[in-house]
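S.K.: Okay, handing you the structure first.
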Amino acid sequence: MVRRRKVAVEVEEFDYGGLKMDSEIIEEDGHSIRILLKDTDRASVNALRRTMIGDTPKMAIHRIRFTQSTTEEDGVIWESVGPLPDEIVAHRLAMIPIPSDGAEFHVSDECPQCGDMVESQRGCPLCEIIYRCMVRGEPEGRSVKASDLEVLGDLQFSISEEFEDITITKLYTGQTIDFIARANKGYGRDHVKWQPVTGISFYARQHAVLNDKKAAKVLWSLGLTIKEKDFDKNGRIEDISLIEQMKKDLLHVGPSTDHGREFGDAITLEDVPGEFILQYESDGSMKARTIF
């Protein structure tokens, strides 16, 4: 069972590139997060969403050098071949979440140590993480996983235990894979492998309004989650979690249901001016809160 953790955070002002809004983290669940944004408009929230997708840098494997070899041991010929082309292996490696939380790396073309070099020669401890992988196949098959990537350097950049089971390829007797992979910092606008967020969306915050108590009894009689007592003395619900449940309950009395005509507009949802809820998941390379 997934346990969801409600987070109480004081509202703080967020300012990025001229975008100003108040923000409050209302829920965190693993890599998922929901944030309430206030004193803003739809265009500004969408600009924030696009920035998080395309302009928030993270680390990802960008260059790979495969070693081609053929050796013979105990009568078995070992060749650096496998069931998948190198291009497919490279693509899978690029999508593995590389630890980027707290990683103070430079974008390669802006690196103070090697940024002036041609692209093929760039690469230093200030702008890249290097991984080595060398695996041999087995008679019953040997899955090459993300855990087989050995970081050369600071162990804090080892692949997270959570993603160690990501399968890259599978090898059998006589097959080997040997490569050096280099992770660089980049932006999602250049390639999706550098995009730190997934499923990012936003919607207007809403309040529920009780317009007709008599007609609303149709909903109460169904024995669902929201009850009449959940409304305040003014006939409103403002709590975000209750509103989410109210949306689900209203599906049972909507226009396309048997109760639609009798229920009518007994309860309606109205947008709160200037308030939006932003929700997304981290790809695992960094905390969702860090991305924000």
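Please note that chains go A, B, ... in the order of the structure tokens, that every chain numbers its residues from 1, and that ligands are numbered from 1 in the order shown.
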List every residue of region 7-175 of chain A that DSSP, applied to the backbone, labels as strand (DSSP E), and write the result as a PyMOL selection string.

M.R.: chain A and resi 12-16+19-29+32-38+58-66+70-73+76-79+128-136+142-145+150-151+167-171

S.K.: Can you list, as a list in words, every protein, DNA or RNA residue that comes within 7 Å of Thr198 (chain A) when you count only C-alpha atoms, leaving out same-chain residues fewer than 6 positions away?

M.R.: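 Close residues of Thr198 (chain A): Tyr280, Glu281, Ser282 and Asp283 of chain A.
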
S.K.: Go through A:Ser108, A:Ser285, A:Thr176, A:Gln245 and flag the residue nearest Phe163 (chain A), using only C-alpha atoms for the distances.

M.R.: A:Ser285

S.K.: Counting only C-alpha atoms, which of A:Phe157, A:Phe231, A:Tyr131, A:Phe263 gets nearest to Phe105 (chain A)?

M.R.: A:Phe157

S.K.: What does the structure give for the distance between CA of Lys213 (chain A) and CA of Asp232 (chain A), in Å to one decimal?

M.R.: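 Spanning CA of Lys213 (chain A) to CA of Asp232 (chain A) is a straight-line distance of 12.9 Å.
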
S.K.: Show which residues sit within 7 Å of Gly137 (chain A), as an MDAnalysis selection string. Count only C-alpha atoms, and ignore same-chain residues fewer than 6 positions away.

M.R.: chainID A and resid 171:176

S.K.: Find the nearest atom pair between each residue of region 52-127 of chain A and region 41-47 of chain A for residues within 12 Å, count only C-alpha atoms, give distances in Å to one decimal, sort rows by chain and ascending number, and present the table as a Markdown table.

M.R.:
```
| residue | atom | partner | partner_atom | distance |
| --- | --- | --- | --- | --- |
| A:Met52 | CA | A:Ala47 | CA | 8.7 |
| A:Ile53 | CA | A:Ala47 | CA | 9.9 |
| A:Gly54 | CA | A:Ala47 | CA | 10.5 |
| A:Asp55 | CA | A:Ala47 | CA | 10.8 |
```

S.K.: For the residues in that selection, give me N, CA, C and O atoms as an mmCIF file, in the first residue's frame.

M.R.:
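File again19.cif, as written:
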```cif
data_model
loop_
_atom_site.group_PDB
_atom_site.id
_atom_site.type_symbol
_atom_site.label_atom_id
_atom_site.label_comp_id
_atom_site.auth_asym_id
_atom_site.auth_seq_id
_atom_site.Cartn_x
_atom_site.Cartn_y
_atom_site.Cartn_z
ATOM 1 N N MET A 52 10.122 24.011 -16.622
ATOM 2 C CA MET A 52 10.496 22.785 -15.921
ATOM 3 C C MET A 52 10.752 21.648 -16.905
ATOM 4 O O MET A 52 11.602 20.786 -16.674
ATOM 5 N N ILE A 53 10.053 21.656 -18.033
ATOM 6 C CA ILE A 53 10.248 20.612 -19.040
ATOM 7 C C ILE A 53 11.529 20.832 -19.835
ATOM 8 O O ILE A 53 12.339 19.920 -20.014
ATOM 9 N N GLY A 54 11.725 22.053 -20.319
ATOM 10 C CA GLY A 54 12.791 22.295 -21.276
ATOM 11 C C GLY A 54 14.025 23.003 -20.783
ATOM 12 O O GLY A 54 15.084 22.925 -21.428
ATOM 13 N N ASP A 55 13.956 23.704 -19.655
ATOM 14 C CA ASP A 55 15.072 24.543 -19.235
ATOM 15 C C ASP A 55 15.587 24.232 -17.839
ATOM 16 O O ASP A 55 16.300 25.051 -17.252
#
```

S.K.: Once you count only C-alpha atoms, what closest atom pair and distance in Å to one decimal does each residue of region 171-200 of chain A within 12 Å of region 88-91 of chain A have, with rows by chain and rising residue number, as JSON lines?

M.R.:
```
{"residue": "A:Ile177", "atom": "CA", "partner": "A:Val89", "partner_atom": "CA", "distance": 10.2}
{"residue": "A:Asp178", "atom": "CA", "partner": "A:Val89", "partner_atom": "CA", "distance": 11.6}
{"residue": "A:Phe179", "atom": "CA", "partner": "A:Ala90", "partner_atom": "CA", "distance": 10.1}
{"residue": "A:Ile180", "atom": "CA", "partner": "A:Ala90", "partner_atom": "CA", "distance": 10.9}
{"residue": "A:Ala181", "atom": "CA", "partner": "A:Ala90", "partner_atom": "CA", "distance": 8.9}
{"residue": "A:Arg182", "atom": "CA", "partner": "A:Ala90", "partner_atom": "CA", "distance": 11.0}
{"residue": "A:Ala183", "atom": "CA", "partner": "A:Ala90", "partner_atom": "CA", "distance": 11.8}
{"residue": "A:His191", "atom": "CA", "partner": "A:His91", "partner_atom": "CA", "distance": 11.4}
{"residue": "A:Val192", "atom": "CA", "partner": "A:His91", "partner_atom": "CA", "distance": 11.0}
{"residue": "A:Lys193", "atom": "CA", "partner": "A:His91", "partner_atom": "CA", "distance": 9.1}
```

S.K.: Find the residues near Thr268 (chain A): any atom within 9 Å, counting only C-alpha atoms, skip ones fewer than 5 places away on the same chain, and give them as a ChimeraX atom specification.

M.R.: /A:207-211

S.K.: May I ask which of the residues A:Asp271, A:Asp239, A:Glu128, A:Glu79 is the closest one to Leu152 (chain A), counting only C-alpha atoms?

M.R.: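 Residue with the minimum atom-to-atom distance to Leu152 (chain A): A:Glu128.
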
S.K.: Please identify which residues in region 6-238 of chain A DSSP calls helix (DSSP H, G or I) from the backbone, and express them as number ranges by chain.

M.R.: A: 42-54, 86-94, 108-110, 119-121, 146-148, 155-157, 161-163, 192-194, 213-220, 228-230

S.K.: What's around Ile96 (chain A) at 8 Å? Count only C-alpha atoms, leave out sequence neighbours fewer than 2 positions away in its own chain, and write the answer as an MDAnalysis selection string.

M.R.: chainID A and resid 60:61 92:94 98 146 163 166

S.K.: Work out how far CA of Met59 (chain A) is from CA of Cys133 (chain A), in Å to one decimal.

M.R.: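 Taking CA of Cys133 (chain A) as the start and CA of Met59 (chain A) as the end point, the length is 18.2 Å.
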
S.K.: Using only C-alpha atoms, which protein or nucleic acid residues come within 9 Å of Glu275 (chain A)? Drop anything in the same chain fewer than 2 positions from it, and give the result as a compact mmCIF listing (two decimals) with N, CA and C atoms, in the first residue's frame.

M.R.:
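In the end it all went to part.txt:
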```
# COMPACT_ATOMS: atom_id res chain seq x y z
N LEU A 36 0.34 24.17 -4.85
CA LEU A 36 -0.68 25.20 -5.02
C LEU A 36 0.02 26.51 -5.33
N LEU A 37 -0.35 27.12 -6.45
CA LEU A 37 0.21 28.40 -6.87
C LEU A 37 -0.87 29.47 -6.76
N LYS A 38 -0.52 30.59 -6.13
CA LYS A 38 -1.49 31.66 -5.90
C LYS A 38 -1.00 32.97 -6.50
N ASP A 39 -1.93 33.90 -6.64
CA ASP A 39 -1.63 35.25 -7.15
C ASP A 39 -0.92 35.17 -8.50
N THR A 40 -1.47 34.41 -9.41
CA THR A 40 -0.86 34.25 -10.72
C THR A 40 -1.95 34.08 -11.76
N ASP A 41 -1.55 33.77 -12.99
CA ASP A 41 -2.51 33.52 -14.06
C ASP A 41 -2.11 32.29 -14.85
N ARG A 42 -2.98 31.87 -15.74
CA ARG A 42 -2.77 30.63 -16.48
C ARG A 42 -1.52 30.70 -17.36
N TYR A 203 -4.13 22.74 -13.29
CA TYR A 203 -5.55 23.04 -13.45
C TYR A 203 -5.96 24.05 -12.39
N ALA A 204 -7.05 24.73 -12.63
CA ALA A 204 -7.51 25.76 -11.71
C ALA A 204 -8.00 25.13 -10.41
N ARG A 205 -7.66 25.76 -9.31
CA ARG A 205 -8.20 25.31 -8.03
C ARG A 205 -9.69 25.62 -8.02
N GLN A 206 -10.47 24.75 -7.41
CA GLN A 206 -11.93 24.94 -7.38
C GLN A 206 -12.48 24.82 -5.97
N ASP A 271 -14.18 27.94 -10.21
CA ASP A 271 -12.75 28.21 -10.19
C ASP A 271 -12.42 29.32 -9.20
N VAL A 272 -11.29 29.18 -8.54
CA VAL A 272 -10.79 30.22 -7.64
C VAL A 272 -9.88 31.14 -8.45
N PRO A 273 -10.20 32.41 -8.58
CA PRO A 273 -9.39 33.31 -9.40
C PRO A 273 -7.93 33.37 -8.93
N ILE A 277 -3.31 24.49 -9.41
CA ILE A 277 -2.60 23.35 -8.81
C ILE A 277 -1.71 22.74 -9.88
```

S.K.: Counting only C-alpha atoms, which of A:Val197, A:Glu238, A:Ile168, A:Glu24 gets nearest to Ala288 (chain A)?

M.R.: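 Closest residue, counting only C-alpha atoms: A:Val197.
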
S.K.: CA of Gly264 (chain A) to CA of Leu251 (chain A): how many Å, to one decimal?

M.R.: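 Answer for the CA of Gly264 (chain A) to CA of Leu251 (chain A) separation: 12.3 Å.
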